[in-house]
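Trainee: Below is the structure I would like to discuss, written out as structure tokens.
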Amino acid sequence: KNILCMITMCRLLSPEDDENLHQEPLGLADAMLVRGIYLRKLREIVEEDERRRAETAILEEEDELVVTASDEVEYLSTGQSVLRYESYLSHQRYYDDLKHVDYDFIDYGKTLGGGNCIIKQDKSLGKGGFCWDAGFILAEHLLSTSKFSPSDSILELGSGTGLCGIILAKSRKCNVEITDLQELLPLMQQNVALNNFSSDGKLAQMNLSPLDISVLYKNANTQQQQGQPLGSCIAQTLEWGAVARNDGGKKYSMIIGADVVTSLYDPIKLAETIHHLCHKNSEVHISIKLRLDKPHKLFEMRMRELFNCVQIIKPTQSLNKNPSVYIFQATKPIIPLHPLSQ
């Protein structure tokens, strides 16, 4: 038994320890020292085994979660897919930007008073054709923290699908304009029609059968059953900087944007466009995902030059708990207005 212990002990020793062990016969003190080294290394092995077992247990729990919690998806007669967003919120296993890009429609569930919010996506339009966590989080944050009135005019910049603005207009008595570049206008118009804001034929262009509409709205076949929006919503084009100079001088009580501070766009022009469209009592709410240091810093720098009150807060009111999304808020624009950069 002692020979076996010594063999095991030598295998556990470092090369330096092993060399010292064979230089001279072991005295009592040296034997106790070697035994201490052996026991220490044995404890390290046990601790490493415990760590690995703990990691394995976590992975097994995650695998079990994958099986028991999954996204609920239904299909239309056209083969198009519909994600029930509540099913994702029930597990929220992932927050990557492209997690839902393969779904044709996302059902965001019932809004406060305006029925279900259904949003169509279009992968062919690139990032502008997708729904982002930042849009849903911003909408829920504003519904929980801001006051709205029928006279409020709200402008959403870089709307893409129109998610945030549409949720607000369905849930509150206010007037929302969702805006983006010309190539995204048809998608925005379709989502406006899909959520019962208009009857201009855009819904008919989507070639959805009555059965498909029933699936989308969970057997709510009429506008009355689907829920009428509390506010109004229109879609139009707006190019930051150039078009704002020719907008007729209209100002808005609230300007919003979801994940619009990106490397794809000019953050200085965005800040100046926002300021140009404000009156003295306007509020600005921009949801951002903290992943692009330079664009965010440029945007914040210019906004602090244009507004007296600027802050970045962590939203807490949304069911979506994406840890990377923050809200950039600005009020009290500096007057006189600065001209837009050329």
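To be explicit about the labels: the chains of the structure tokens are called A, B, and onward in the order shown, and within each one the residues are counted from 1, while ligands get numbers from 1 in the order they are shown.
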Residues of stretch 106-176 of chain A that approach stretch 248-254 of chain A to 6 Å or less, counting only C-alpha atoms: could you list each one with the shortest pair of atoms and its distance in Å to one decimal, rows by chain and increasing residue number, as CSV?

Mentor:
```
residue,atom,partner,partner_atom,distance
A:Asp152,CA,A:Ser253,CA,5.9
A:Ser153,CA,A:Tyr252,CA,5.3
A:Ile154,CA,A:Met254,CA,4.8
```

Trainee: Selection from above, N, CA and C atoms, as a PDB file, in the first residue's frame, can you write it?

Mentor:
```pdb
ATOM      1  N   ASP A 152     -50.703  64.624 -29.497  1.00  0.00           N
ATOM      2  CA  ASP A 152     -49.276  64.307 -29.614  1.00  0.00           C
ATOM      3  C   ASP A 152     -48.928  63.865 -31.030  1.00  0.00           C
ATOM      4  N   SER A 153     -47.847  64.416 -31.545  1.00  0.00           N
ATOM      5  CA  SER A 153     -47.310  63.977 -32.837  1.00  0.00           C
ATOM      6  C   SER A 153     -45.966  63.307 -32.570  1.00  0.00           C
ATOM      7  N   ILE A 154     -45.866  62.056 -32.957  1.00  0.00           N
ATOM      8  CA  ILE A 154     -44.677  61.251 -32.663  1.00  0.00           C
ATOM      9  C   ILE A 154     -44.032  60.828 -33.977  1.00  0.00           C
TER      10      ILE A 154
END
```

Trainee: Which parts of stretch 47-211 of chain A does DSSP call strand (DSSP E) when run on the backbone here, written out as a ChimeraX atom specification?

Mentor: /A:72-75,81-84,105-111,115-120,153-157,175-180

Trainee: From the list A:His100, A:Ser70, A:Glu156, A:Pro315, which residue is nearest A:Leu143 when using only C-alpha atoms?

Mentor: A:Pro315

Trainee: If we count only C-alpha atoms and set the cut-off at 6 Å, which residues sit around stretch 181-194 of chain A, ignoring sequence neighbours fewer than 6 positions away in its own chain? Please answer as a list in words.

Mentor: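 The residues satisfying every condition are Ile119, Thr161, Gly162, Lys202, Leu203, Ala235 and Thr237 of chain A.
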
Trainee: Just write the chosen residues, C-alpha atoms, as a PDB file, in the first residue's frame.

Mentor:
```pdb
ATOM      1  CA  ILE A 119     -45.372  42.631 -37.923  1.00  0.00           C
ATOM      2  CA  THR A 161     -40.661  47.370 -40.037  1.00  0.00           C
ATOM      3  CA  GLY A 162     -42.375  50.066 -37.950  1.00  0.00           C
ATOM      4  CA  LYS A 202     -51.809  47.404 -49.097  1.00  0.00           C
ATOM      5  CA  LEU A 203     -53.168  44.427 -47.179  1.00  0.00           C
ATOM      6  CA  ALA A 235     -45.691  55.540 -43.132  1.00  0.00           C
ATOM      7  CA  THR A 237     -39.946  58.449 -46.257  1.00  0.00           C
TER       8      THR A 237
END
```

Trainee: Return the single residue from A:His275, A:His141, A:Lys99, A:Lys332 that is closest to A:Ile167, with distances computed using only C-alpha atoms.

Mentor: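 Comparing A:His275, A:His141, A:Lys99, A:Lys332 against A:Ile167, the winner is A:His141.
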
Trainee: Just the residues within 9 Å of A:Asn195, please, counting only C-alpha atoms, with nothing from its chain fewer than 3 positions along; format it as a list of chain:residue names.

Mentor: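 Final neighbour list, sorted by chain and number: A:Gly114, A:Gly115, A:Asn116, A:Cys117, A:Ile118, A:Ile119, A:Ile166, A:Lys170, A:Gln190, A:Asn191, A:Val192, A:Ser198, A:Gln226, A:Gly227, A:Gln228, A:Pro229.
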
Trainee: Enter the distance from atom CA of A:Leu270 to atom CA of A:Gln121, in Å, rounded to one decimal.

Mentor: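 Computing it gives 24.2 Å between the two atoms.
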